[in-house]
Amino acid sequence: MLKDFVGSGAGGLGEGWDPGEASRRDFLKLMGFSLGAAALASCTPIPERQAVPPLTLADGAPLPGVETWYATTCGGCGAGCGLLAKTRDGRPIKIEGNPSSPISGGATCAVGQASVLSLYDDGRLKGPLLHGRPASWAEIDAWIAPRLEAISAQSAARGSGLALLTGTIHSPSSRKLIADFLARHPGARHAVWEPVSLAATREANRRSFGRAVVPSYRFDKARVVVGLEADFLGTWLSPVEIARAWARGRRPEGGGPLPRHYQIESGMSLTGGKADRRLAVLPSELGLAALALIRRVARRAGEAAPDAPDPAVDPRALDAMADDLWNHRGESLVVSGVNDLAVQTAVNRLSFLLGNVGRTIDLGRPSRQNQGDEIAVAELIAAMERGEVQGLLLWGVNPLYDHPEAARIARALEGVPLKISFAERLDETAALADMVAPDHHYLESWGDAEPVEGCYGLRQPAIAPLFDTRAVSASLLRWMGEEQPDAYRHLREHWQRELFPRRFPHQTRWASFDDFWDHSLQDGSCEIAPPAPGPAPARDAGDLAAATASILAAHQESRGQKGYEVLLYEKVGMRDGRHANNPWLQELPDPVSRVAWGNQIDLSPRMAAELGLEEGDVVKLRHGATTLELPVRFQLGQPHGMVAVALGYGRTRAGKVADGVGANAFPLVAVRDGFHRNWASGARLEKTGYSETLAAVQRHSSMEGRPIVRTLTPAELRKGQEEERHDSLWKEWPREGHHWGMAIDLDACTGCSACVVACQAENNVPVVGPDEVTRGREMHWIRIDRYFEGSAEAPRMVLQPMMCQHCGNAPCETVCPVLATVHSADGLNQQVYNRCVGTRYCENNCPYKVRRFNWFRYAGNPRFDYNMNSDLGRMVLNPDVVVRSRGVMEKCSLCIQRIQAGKLRAEAAGEKLPDGAIRTACQQACPAEAITFGDLADPQSEVSRKQASPRFYHVLEELNTRPVVGYLARVRNLPEEEKA
Amino acid sequence: MIADSFVLLRPSWVEGRPTMRQITDDVSRPLTSRPTLGWWACFAAASLALAWGAASATYEVATGIGTWGLNKTVGWAFDITNFVFWIGIGHAGTLISAILLLFRQKWRTSISRSAEAMTIFAVMCAGLFPLLHMGRPWFGFWIFPYPNTRGPLWVNFRSPLVWDVVAISTYFTISFVFWFVGMIPDFATLRDRAAGRGDRWRRKVFGLLSFGWDGSWRTWSRYEMLSLILAGLATPLVLSVHSIVSMDFATGLVPGWHTTLFPPYFVAGAIFSGFGMVLTLLILTRKVMGLERYITIHHLEAMAKITLLTGSMVGFAYLTELFLAWFGGNPYERAAFWNRATGPFAWAYWTMVTCNAILPQLLWSKRARTSVPVLFVLSLLVNVGMWFERFVIIVTSLHRDFLPSSWWFYKPTIIEVGILVGSFGLFFTCFLLFIRALPMVAMWEVKGVAAAAARAGEAHA
């Protein structure tokens with residue numbers, strides 16, 4: 001396509017056709033094309049406003065067949081990553097990180113990648129609802145205005161009135177709007193609900209350091225990191241931002257000492273798997289672990305510390321950890337994801353003793369990414385029960401699904417006369433609302449963000465609203481009396497009035513606000529007057545004695561109870577379940593359990609043996625009044641006496657994809673000191689006598705002693721890997737021009753699976769559903785293989801992204817009878833779908849088992865009722881990549897469409913293709929920058945340099961398949977090996 | 001003809017000294033009489049199985065290969081197992097008609113015709129599977145190398161699947177011509193017998209099929225020359241076809257496939273399974289069609305000896321494979337064989353070893369070799385064992401290969417079982433129609449053997 005436009009003269013499609021000699025056939029062909037093109041163009045919603053400045057402007061208008069990029073801010077979670085939305089023919093089809101965003105740094109997570117599909121979710125509301133029936137916006141506004149006024153009038157007298165329950169709002173303009181709205185309604189209150197919150201961290205910081213904030217953590221500066229049940233590479237706080245910083249801090253080739261990462265956790269997390277040393281403790285012992293570290297560090301610091309028993313781990317491991325922390329005072333970092341005031345207080349003391357506060361812990365640049373405050377929510381619920389709330393506005397929250405006391409809230413809601421929801425779908429909570437005024441999807445919205453103080457992002461629509469939805473800001477403005485509310489005007493005015501004046505004096509770049517505004521929109525983000533880091537607190541005011549007492553009491557309480565402890569965790573794809581109706585996220589296997597489509601009860605094999613359970617046996621987990629019925633799965637690295645269950649499943653009103661998948665574990669969330677803690681104790685397991693097959697994509701976790709994922713010690717790295725000699729009977733293939741290759745850094749890879757969803761979005765990879773996944777037929781072109789090494793007691797998890805290795809001597813190519821898989825001159829192993837007859841011989845002969853067969857027709861087939869089965873869902877398809885028919889083989893193409901586009905761009909510009917100009921979808925998405933793609937024919941390219949690393953190797957190189965994709969071995973930096 | 005040099009030490013290959021006319025009558029009786037109840041029962045069962053298979057195959061082609069139990073790791077299972085199984089079955093027919101003809105083995109005369117028919121039907125069954133196993137069988141013709149409008153696009157001559165196409169189409173052509181040519185004198189006999197008023201069509205059809213055979217000395221002389229040439233052409237096929245089929249696996253790099261042992265091992269296995277099938281068929285038909293006089297216990301014993309020989313070769317190949325897996329030192333190879341013998345499909349492996357290598361050793365005993373029930377049960381077990389041999393080679397090698405992350409399992413679906421049953425249905429339907437429509441014993445050859453036996457008997461007396 002692009003080639004036609006640039007007209008490179010290399011023989012485009014139109015060459016040789018002379019309009020003077022147009023035959024009747026040519027005329028019909030052209031007429032058909034024009035009609036088709038006109039019809040297509042008229043189907044596409046036309047952008048709302050001419051004021052949209054796209055990042056790359058091609059003569060002012062989007063060209064058909066040429067992509068347009070819009071800078072925006074992700075709405076997937078509270079992290080507020082800066083994004084670029086790729087649109088083709090007016091439709092957003094792909095999300096990429098915005099390289100200029102200080103949060104994402106150009107990367108995304110799996111949720112962000114998948115969020116574009118939620119735009120085309122048929123489960124979204126198509127318009128406002130009044131008492132469950134479709135209504136017009138005019139009716140809605142006419143209905144609501146007198147009611148809001150009446151409440152305001154009453155509340156002035158009675159001291160009760162409106163309440164606003166929202167998710168995290170780090171948008172400055174929305175915060176201002178809410179403040180204005182609340183000001184108009186005296187007595188109105190605002191509470192922020194997040195199902196997985198960091199409220200205890202903020203409260204502990206307030207008590208210890210006087211600032212109720214979640215600080216910025218400088219993972220890139222920390223030489224020793226201790227994670228205490230904090231899955232910071234997977235799900236905690238701002239995973240993309242942290243993973244990038246964490247990976248940038250590790251440069252095994254640099255020659256300097258490597259940072260060291262310890263993890264103390266109960267369930268196996270991605271972060272635990274990446275740790276150099278992982279210690280498994282029960283959830284109730286996490287506090288003890290923090291105290292044990294305090295005691296050891298305090299002894300070295302010559303300070304007093306309260307006495308407490310050690311957790312049930314090797315005390316020498318704790319000694320070594322404390323040594324390491326102490327030796328790296330001021331450049332170490334201890335973080336905890338336990339939402340428990342006592343544990344956070346203890347962690348604060350530890351950070352203070354180590355001198356990290358103000359150095360690796362930056363309180364002056366706090367995060368606003370998760371502002372959930374369950375204590376305020378509890379107060380709101382109590383007020384509702386007292387009948388003090390006359391009207392409730394729900395925005396971006398679904399407490400009837402994800403609050404542990406959902407039933408109580410449902411009862412309390414009955415007493416609220418006016419319930420208004422802004423939900424995008426008729427979810428569990430919106431179903432009880434009197435009126436639903438659905439918000440836009442973020443890709444249809446104007447907006448802004450301030451995820452970290454001083455660091456701003458903008459959001460602009462990449463498409464006109466698909467349905468009859470309205471921005472929440474427009475709804476609120478309308479209800480505040482504005483006749484023609486306009487979300488865009490409101491946003492722009494806020495920036496002009498509030499933000500630009502703060503920024504203006506500190507810069508010389510922008511002459512006017514218009515200039516600043518247009519460029520900021522185009523860039524997607526800007527920093528406005530970052531506050532100077534405040535002085536580090538001189539002392540830790542946290543009450544460690546009380547914290548110790550609380551930790552000991554919690555431990556005693558848990559030990560005293562019969563039954564098991566339950567850890568509630570988030571999966572990287574499903575997170576808290578708000579995007580559960582997204583089929584890409586449902587189909588994404590969790591990288592630890594490798595299970596898709598549902599949650600399960602993870603327990604240690606030893607516990608399973610004691611209980612007489614086989615993998616897949618369905619058990620009833622009883623805790624108080626809650627019962628979950630889920631299959632069990634064996635998880636190495638989990639201590640005896642606990643089970644782990646993922647949150648985010650068991651939706652009942654999310655939509656046809658999510659409803660009934662898994663079970664809802666939120667009711668198990670425990671409340672301690674008012675904070676919602678992600679573990680509970682005293683759960684019992686009962687057999688049900690039946691079993692089911694887990695939708696797992698990997699059933700074998702041992703490498704069987706094969707050198708598949710290689711791990712080196714720093715000493716081995718210095719010595720260099722032994723060069724393996726492989727003689728070949730074959731002559732090298734003749735090559736010309738480029739020689740594409742890839743290097744994947746297993747040391748950097750966190751397993752976050754953003755690449756898997758990115759690939760799925762880029763390459764139109766179909767979703768096949770739980771039954772087919774169970775049969776071993778998932779279609780992902782890239783997968784994250786996960787193995788366990790070491791002993792069953794102290795397993796080490798290793799991960800390996802695996803895709804087509806594009807072998808130079810490809811076993812698949814020789815066996816295909818119809819030449820459907822062939823080698824290109826630039827080193828790619830190509831699959832020609834049109835030519836494939838589907839013998840599957842290539843699949844059998846592929847030693848990496850990366851080929852995927854279209855067992856059925858996955859597009860337009862009611863049996864696979866996912867995004868490819870409706871016109872709406874198909875809008876997300878990438879027009880550059882063909883949708884495969886049934887009966888053909890497919891596999892990773894190294895994003896050949898991107899290679900082609902990159903080459904054509906360089907050709908059109910008349911320049912040599914620069915290194916790094918072509919980025920594959922997986923590489924682009926990777927937060928840890930673990931994937932490098934480039935030209936191996938150029939010895940100076942980054943990929944050539946990586947492939948020359950002493951850590952570099954090919955998987956199964958003894959087969960002489962000569963892949964162009966290879967791996968950089970992981971380095972495990974254990975303290976004892978350093979001494980040795 | 002060749003029957004003149006009959007050796008006395010050999011047993012009599014035709015019992016009861018039938019006259020020439022009696023032989024003709026005995027063999028052509030089923031062609032003119034009404035089918036027996038036994039035949040109808042067999043035919044009903046066979047066509048029911050065929051119908052089930054046809055329905056399963058239709059559903060599969062209409063819906064997708066996903067109706068089978070295959071997955072990302074195991075890309076072949078029942079489909080190619082059945083294919084290799086049926087190709088193997090065919091080999092006994094070719095061996096009997098071609099190699100035994102060249103070695104002038106008299107005992108082949110009574111059984112060669114039905115064995116050849118079995119070959120034809122088995123290759124037909126086999127040929128179905130490469131087509132059905134394709135994701136897009138409607139493009140199956142793309143694997144034939146011919147000038148075409150798709151580029152033109154040539155096939156990949158490096159692919160063993162293309163070699164298969166060549167080997168099997170050659171095999172089918174030669175076998176069919178050999179079978180047909182063998183029937184020409186008998187067609188003439190049948191033409192001449194169809195003298196009655198109502199036999200006009202029969203006379204016409206057999207007249208056409210017999211190519212104007214006149215039974216002259218010159219005709220016979222040329223005919224025997226042609227037979228020998230065809231036998232000479234077919235003989236290398238006995239060795240080459242299954243060698244090439246084995247290369248589907250041997251040229252692959254899957255541990256458990258990638259071995260140079262496969263060609264001879266597969267040929268021995270093919271002949272072994274073919275003789276198993278011939279035994280099964282003939283023990284049944286000689287009983288049902290009343291042909292015990294022509295297909296004697298001596299025939300069965302001779303076949304049992306070949307079964308013993310080839311079964312032992314197969315057993316030797318199993319041991320060699322195990323030894324080489326250990327001796328070769330390739331960890332993937334070792335793991336593959338360890339997994340075969342002890343993994344989740346160990347039951348299939350040990351079924352295969354028991355049926356193919358251990359039980360046939362019973363045939364060292366003459367009592368076992370001459371006991372029809374023992375031979376019948378053994379022949380069935382040989383076929384079970386040989387089916388499992390291919391299943392073991394394909395599925396146990398594939399399901400756990402290089403990267404343990406992709407290790408998976410395989411469980412067939414009802415559709416795959418249906419297609420397997422359907423292939424037996426097709427085979428037996430064809431065979432049952434064959435024994436009703438064509439002379440299932442080569443009359444002209446048996447007459448030669450019988451005449452020689454008669455002469456030898458007189459001389460002895």
# chains A, B, ... in the order shown; residues from 1 in each chain; ligands from 1
call {"tool": "closest_atom_pairs", "arguments": {"of": "chain A", "to": "chain B", "cutoff": "7 Å", "atoms": "only C-alpha atoms", "output": "Markdown table"}}
result
| residue | atom | partner | partner_atom | distance |
| --- | --- | --- | --- | --- |
| A:Gln698 | CA | B:Ser405 | CA | 5.6 |
| A:Arg699 | CA | B:Trp407 | CA | 6.7 |
| A:His700 | CA | B:Ser405 | CA | 5.7 |
| A:Ser701 | CA | B:Ser405 | CA | 6.5 |
| A:Ser702 | CA | B:Pro404 | CA | 6.8 |
| A:Met703 | CA | B:Pro404 | CA | 6.0 |
| A:Arg775 | CA | B:Asn71 | CA | 6.5 |
| A:Gly776 | CA | B:Asn71 | CA | 5.2 |
| A:Arg777 | CA | B:Asn71 | CA | 5.4 |
| A:Asp785 | CA | B:Ser405 | CA | 6.0 |
| A:Thr814 | CA | B:Arg158 | CA | 5.6 |
| A:Val815 | CA | B:Ser159 | CA | 4.2 |
| A:Cys816 | CA | B:Ser159 | CA | 5.7 |
| A:Pro817 | CA | B:Asn156 | CA | 5.0 |
| A:Val818 | CA | B:Val155 | CA | 5.0 |
| A:Leu819 | CA | B:Asn156 | CA | 5.5 |
| A:Val837 | CA | B:Arg136 | CA | 5.0 |
| A:Gly838 | CA | B:Gly135 | CA | 4.1 |
| A:Thr839 | CA | B:Met134 | CA | 4.8 |
| A:Arg840 | CA | B:Gly75 | CA | 5.6 |
| A:Glu843 | CA | B:Gly75 | CA | 6.4 |
| A:Asn844 | CA | B:Gly75 | CA | 5.7 |
| A:Asn845 | CA | B:Gly252 | CA | 5.9 |
| A:Pro847 | CA | B:Phe402 | CA | 5.8 |
| A:Tyr848 | CA | B:Leu403 | CA | 6.3 |
| A:Lys849 | CA | B:Thr73 | CA | 6.4 |
| A:Arg852 | CA | B:Lys72 | CA | 6.2 |
| A:Trp855 | CA | B:Gly66 | CA | 4.3 |
| A:Phe856 | CA | B:Gly64 | CA | 5.0 |
| A:Arg886 | CA | B:Gly64 | CA | 7.0 |
| A:Gly887 | CA | B:Gly135 | CA | 3.6 |
| A:Val888 | CA | B:Gly135 | CA | 6.1 |
call {"tool": "residues_around", "arguments": {"residues": "stretch 350-359 of chain B", "least_positions_apart": "2", "cutoff": "7 Å", "atoms": "only C-alpha atoms", "output": "list in words"}}
result
Gly311, Ser312, Val314, Gly315, Ala346, Trp347, Ala348, Gln361, Leu362, Leu381, Val382, Gly385, Met386, Phe388 and Glu389 of chain B
call {"tool": "residues_around", "arguments": {"residues": "A:Pro589", "least_positions_apart": "4", "cutoff": "8 Å", "atoms": "only C-alpha atoms", "output": "list of chain:residue names"}}
result
A:Gly573, A:Ser593, A:Arg594, A:Val595, A:Ala596, A:Trp597, A:Ala696, A:Val697
call {"tool": "residues_around", "arguments": {"residues": "stretch 373-380 of chain A", "least_positions_apart": "6", "cutoff": "8 Å", "atoms": "only C-alpha atoms", "output": "PyMOL selection string"}}
result
chain A and resi 163+165+191-194+197-199+674-676
call {"tool": "select_by_dssp", "arguments": {"residues": "stretch 133-341 of chain B", "states": "helix (DSSP H, G or I)", "output": "mmCIF file with C-alpha atoms, in the first residue's frame"}}
result
data_model
loop_
_atom_site.group_PDB
_atom_site.id
_atom_site.type_symbol
_atom_site.label_atom_id
_atom_site.label_comp_id
_atom_site.auth_asym_id
_atom_site.auth_seq_id
_atom_site.Cartn_x
_atom_site.Cartn_y
_atom_site.Cartn_z
ATOM 1 C CA PRO B 137 -7.992 -30.865 1.531
ATOM 2 C CA TRP B 138 -9.659 -29.070 -1.354
ATOM 3 C CA PHE B 139 -6.190 -27.878 -2.299
ATOM 4 C CA GLY B 140 -4.735 -31.375 -2.011
ATOM 5 C CA PHE B 141 -3.877 -31.394 -5.699
ATOM 6 C CA TRP B 142 -1.181 -28.806 -5.007
ATOM 7 C CA ILE B 143 1.182 -31.553 -3.945
ATOM 8 C CA PRO B 160 9.250 -36.548 2.095
ATOM 9 C CA LEU B 161 5.544 -35.945 1.652
ATOM 10 C CA VAL B 162 6.195 -35.339 -2.046
ATOM 11 C CA TRP B 163 8.243 -38.543 -2.189
ATOM 12 C CA ASP B 164 5.248 -40.249 -0.594
ATOM 13 C CA VAL B 165 2.945 -39.017 -3.302
ATOM 14 C CA VAL B 166 5.259 -40.393 -5.970
ATOM 15 C CA ALA B 167 5.891 -43.687 -4.174
ATOM 16 C CA ILE B 168 2.278 -44.382 -3.408
ATOM 17 C CA SER B 169 0.827 -43.429 -6.741
ATOM 18 C CA THR B 170 3.436 -45.629 -8.436
ATOM 19 C CA TYR B 171 2.674 -48.407 -6.025
ATOM 20 C CA PHE B 172 -1.043 -48.190 -6.611
ATOM 21 C CA THR B 173 -0.634 -48.117 -10.390
ATOM 22 C CA ILE B 174 1.687 -51.131 -10.545
ATOM 23 C CA SER B 175 -0.358 -53.114 -8.049
ATOM 24 C CA PHE B 176 -3.547 -52.410 -9.908
ATOM 25 C CA VAL B 177 -2.095 -53.353 -13.299
ATOM 26 C CA PHE B 178 -0.575 -56.509 -11.860
ATOM 27 C CA TRP B 179 -3.823 -57.491 -10.210
ATOM 28 C CA PHE B 180 -5.817 -56.820 -13.342
ATOM 29 C CA VAL B 181 -3.430 -58.620 -15.668
ATOM 30 C CA GLY B 182 -3.464 -61.585 -13.307
ATOM 31 C CA MET B 183 -7.215 -61.867 -13.711
ATOM 32 C CA ILE B 184 -7.339 -61.823 -17.512
ATOM 33 C CA PRO B 185 -7.287 -65.636 -18.068
ATOM 34 C CA ASP B 186 -9.920 -66.027 -15.374
ATOM 35 C CA PHE B 187 -12.038 -63.311 -16.956
ATOM 36 C CA ALA B 188 -11.879 -65.359 -20.163
ATOM 37 C CA THR B 189 -13.005 -68.447 -18.250
ATOM 38 C CA LEU B 190 -15.884 -66.532 -16.737
ATOM 39 C CA ARG B 191 -16.784 -65.105 -20.150
ATOM 40 C CA ASP B 192 -16.883 -68.566 -21.599
ATOM 41 C CA ARG B 193 -18.962 -69.905 -18.718
ATOM 42 C CA ARG B 197 -29.500 -66.638 -21.950
ATOM 43 C CA GLY B 198 -29.585 -64.305 -18.981
ATOM 44 C CA ASP B 199 -25.828 -63.866 -18.969
ATOM 45 C CA ARG B 200 -25.594 -61.354 -21.799
ATOM 46 C CA TRP B 201 -24.232 -58.553 -19.685
ATOM 47 C CA ARG B 202 -21.921 -60.813 -17.809
ATOM 48 C CA ARG B 203 -20.586 -62.127 -21.086
ATOM 49 C CA LYS B 204 -20.081 -58.615 -22.418
ATOM 50 C CA VAL B 205 -18.338 -57.306 -19.312
ATOM 51 C CA PHE B 206 -16.036 -60.270 -18.890
ATOM 52 C CA GLY B 207 -15.455 -60.295 -22.631
ATOM 53 C CA LEU B 208 -14.314 -56.709 -22.430
ATOM 54 C CA LEU B 209 -12.178 -57.310 -19.356
ATOM 55 C CA TRP B 217 -0.013 -71.136 -26.638
ATOM 56 C CA ARG B 218 1.271 -67.823 -27.916
ATOM 57 C CA THR B 219 -1.077 -65.866 -25.681
ATOM 58 C CA TRP B 220 0.046 -67.846 -22.668
ATOM 59 C CA SER B 221 3.667 -67.373 -23.507
ATOM 60 C CA ARG B 222 3.346 -63.625 -23.817
ATOM 61 C CA TYR B 223 1.179 -63.483 -20.775
ATOM 62 C CA GLU B 224 3.761 -65.162 -18.612
ATOM 63 C CA MET B 225 6.455 -62.885 -19.917
ATOM 64 C CA LEU B 226 4.314 -59.874 -18.975
ATOM 65 C CA SER B 227 3.690 -61.363 -15.541
ATOM 66 C CA LEU B 228 7.388 -61.712 -14.930
ATOM 67 C CA ILE B 229 8.120 -58.183 -16.107
ATOM 68 C CA LEU B 230 5.427 -56.769 -13.856
ATOM 69 C CA ALA B 231 6.706 -58.867 -10.983
ATOM 70 C CA GLY B 232 10.135 -57.478 -11.642
ATOM 71 C CA LEU B 233 8.754 -53.954 -11.570
ATOM 72 C CA ALA B 234 6.719 -54.543 -8.429
ATOM 73 C CA THR B 235 9.500 -56.225 -6.480
ATOM 74 C CA PRO B 236 11.557 -53.089 -5.743
ATOM 75 C CA LEU B 237 8.334 -51.392 -4.718
ATOM 76 C CA VAL B 238 7.937 -53.847 -1.868
ATOM 77 C CA LEU B 239 11.128 -52.394 -0.480
ATOM 78 C CA SER B 240 10.912 -48.826 -1.693
ATOM 79 C CA VAL B 241 7.383 -47.784 -0.774
ATOM 80 C CA HIS B 242 7.651 -48.329 2.910
ATOM 81 C CA SER B 243 11.241 -47.107 2.936
ATOM 82 C CA ILE B 244 9.968 -43.829 1.592
ATOM 83 C CA VAL B 245 7.040 -43.749 3.960
ATOM 84 C CA SER B 246 9.499 -44.278 6.800
ATOM 85 C CA MET B 247 11.404 -41.208 5.618
ATOM 86 C CA ASP B 248 8.433 -39.049 6.617
ATOM 87 C CA PHE B 249 9.830 -39.708 10.044
ATOM 88 C CA ALA B 250 13.485 -40.514 9.474
ATOM 89 C CA PHE B 262 13.661 -46.806 9.799
ATOM 90 C CA PRO B 263 13.600 -47.963 6.138
ATOM 91 C CA PRO B 264 14.404 -51.666 6.694
ATOM 92 C CA TYR B 265 12.510 -51.652 9.964
ATOM 93 C CA PHE B 266 9.423 -50.260 8.275
ATOM 94 C CA VAL B 267 9.625 -52.716 5.369
ATOM 95 C CA ALA B 268 9.822 -55.687 7.717
ATOM 96 C CA GLY B 269 6.957 -54.278 9.740
ATOM 97 C CA ALA B 270 4.886 -53.712 6.635
ATOM 98 C CA ILE B 271 5.283 -57.280 5.435
ATOM 99 C CA PHE B 272 4.628 -58.502 8.940
ATOM 100 C CA SER B 273 1.393 -56.559 9.227
ATOM 101 C CA GLY B 274 0.397 -57.456 5.670
ATOM 102 C CA PHE B 275 0.701 -61.130 6.376
ATOM 103 C CA GLY B 276 -1.253 -60.626 9.561
ATOM 104 C CA MET B 277 -4.059 -59.107 7.531
ATOM 105 C CA VAL B 278 -3.890 -61.794 4.797
ATOM 106 C CA LEU B 279 -4.152 -64.454 7.463
ATOM 107 C CA THR B 280 -7.155 -62.779 9.042
ATOM 108 C CA LEU B 281 -8.904 -62.387 5.727
ATOM 109 C CA LEU B 282 -8.179 -65.847 4.352
ATOM 110 C CA ILE B 283 -9.031 -67.704 7.534
ATOM 111 C CA LEU B 284 -12.395 -66.009 7.361
ATOM 112 C CA THR B 285 -13.033 -66.286 3.647
ATOM 113 C CA ARG B 286 -11.915 -69.879 3.211
ATOM 114 C CA LYS B 287 -14.488 -70.711 5.876
ATOM 115 C CA VAL B 288 -17.252 -68.429 4.664
ATOM 116 C CA ILE B 297 -3.602 -75.320 6.337
ATOM 117 C CA HIS B 298 -0.266 -75.554 4.548
ATOM 118 C CA HIS B 299 -0.846 -72.138 3.047
ATOM 119 C CA LEU B 300 -1.606 -70.789 6.471
ATOM 120 C CA GLU B 301 1.500 -72.410 7.888
ATOM 121 C CA ALA B 302 3.687 -70.942 5.163
ATOM 122 C CA MET B 303 2.319 -67.520 5.931
ATOM 123 C CA ALA B 304 2.814 -68.103 9.641
ATOM 124 C CA LYS B 305 6.493 -68.742 8.955
ATOM 125 C CA ILE B 306 6.850 -65.432 7.162
ATOM 126 C CA THR B 307 4.992 -63.759 10.011
ATOM 127 C CA LEU B 308 7.430 -65.294 12.480
ATOM 128 C CA LEU B 309 10.399 -64.141 10.422
ATOM 129 C CA THR B 310 9.232 -60.579 9.923
ATOM 130 C CA GLY B 311 7.934 -60.332 13.481
ATOM 131 C CA SER B 312 11.361 -61.284 14.744
ATOM 132 C CA MET B 313 12.928 -58.689 12.476
ATOM 133 C CA VAL B 314 10.616 -56.098 13.911
ATOM 134 C CA GLY B 315 11.495 -57.202 17.436
ATOM 135 C CA PHE B 316 15.156 -56.949 16.550
ATOM 136 C CA ALA B 317 14.531 -53.433 15.290
ATOM 137 C CA TYR B 318 12.914 -52.504 18.611
ATOM 138 C CA LEU B 319 15.974 -53.711 20.474
ATOM 139 C CA THR B 320 18.281 -51.911 18.058
ATOM 140 C CA GLU B 321 16.368 -48.683 18.559
ATOM 141 C CA LEU B 322 16.679 -48.969 22.321
ATOM 142 C CA PHE B 323 20.339 -49.826 22.104
ATOM 143 C CA LEU B 324 21.112 -46.952 19.773
ATOM 144 C CA ALA B 325 19.164 -44.514 21.901
ATOM 145 C CA TRP B 326 21.398 -45.464 24.791
ATOM 146 C CA PHE B 327 24.595 -45.917 22.824
ATOM 147 C CA GLY B 328 24.177 -42.773 20.751
ATOM 148 C CA PRO B 331 19.997 -36.929 25.622
ATOM 149 C CA TYR B 332 16.873 -36.063 23.621
ATOM 150 C CA GLU B 333 16.894 -39.480 21.988
ATOM 151 C CA ARG B 334 17.372 -41.196 25.321
ATOM 152 C CA ALA B 335 14.564 -39.207 26.846
ATOM 153 C CA ALA B 336 12.267 -40.045 23.934
ATOM 154 C CA PHE B 337 12.782 -43.789 24.319
ATOM 155 C CA TRP B 338 12.620 -43.687 28.075
ATOM 156 C CA ASN B 339 9.358 -41.823 27.686
ATOM 157 C CA ARG B 340 8.064 -44.428 25.254
ATOM 158 C CA ALA B 341 8.681 -47.255 27.632
#
call {"tool": "residues_around", "arguments": {"residues": "A:Asn98", "least_positions_apart": "5", "cutoff": "9 Å", "atoms": "only C-alpha atoms", "output": "ChimeraX atom specification"}}
result
/A:71-73,81-85,104-108,523-525
call {"tool": "write_last_selection", "arguments": {"atoms": "C-alpha atoms", "output": "compact mmCIF listing (two decimals), in the first residue's frame"}}
result
# COMPACT_ATOMS: atom_id res chain seq x y z
CA ALA A 71 -0.57 10.83 21.78
CA THR A 72 -2.80 10.04 24.71
CA THR A 73 -2.79 8.69 28.25
CA CYS A 81 1.28 5.71 31.14
CA GLY A 82 1.70 7.94 28.11
CA LEU A 83 0.59 6.21 24.95
CA LEU A 84 0.50 6.57 21.22
CA ALA A 85 -2.67 5.26 19.65
CA SER A 104 5.86 4.47 30.33
CA GLY A 105 9.09 5.47 28.64
CA GLY A 106 7.61 4.09 25.44
CA ALA A 107 6.50 0.75 26.82
CA THR A 108 3.17 -0.65 27.93
CA ASP A 523 3.74 15.18 22.68
CA GLY A 524 1.17 13.75 25.06
CA SER A 525 3.00 14.79 28.17
call {"tool": "closest_residue", "arguments": {"among": "A:Cys755, A:Ile784, A:Ala464, A:Ala471", "to": "A:Ile931", "atoms": "only C-alpha atoms"}}
result
A:Cys755
call {"tool": "atom_distance", "arguments": {"atom1": "atom CA of A:Thr235", "atom2": "atom CA of A:Val768"}}
result
25.6 Å
call {"tool": "select_by_dssp", "arguments": {"residues": "stretch 378-605 of chain A", "states": "strand (DSSP E or B)", "output": "number ranges by chain"}}
result
A: 389-395, 418-421, 425, 435-436, 447-452, 455-459, 525-527, 564-569, 595, 601-603
call {"tool": "residues_around", "arguments": {"residues": "B:Phe428", "least_positions_apart": "6", "cutoff": "10 Å", "atoms": "only C-alpha atoms", "output": "VMD selection string"}}
result
chain B and resid 42 to 43 45 to 47 49 to 50 118 121 to 122 281 422 434
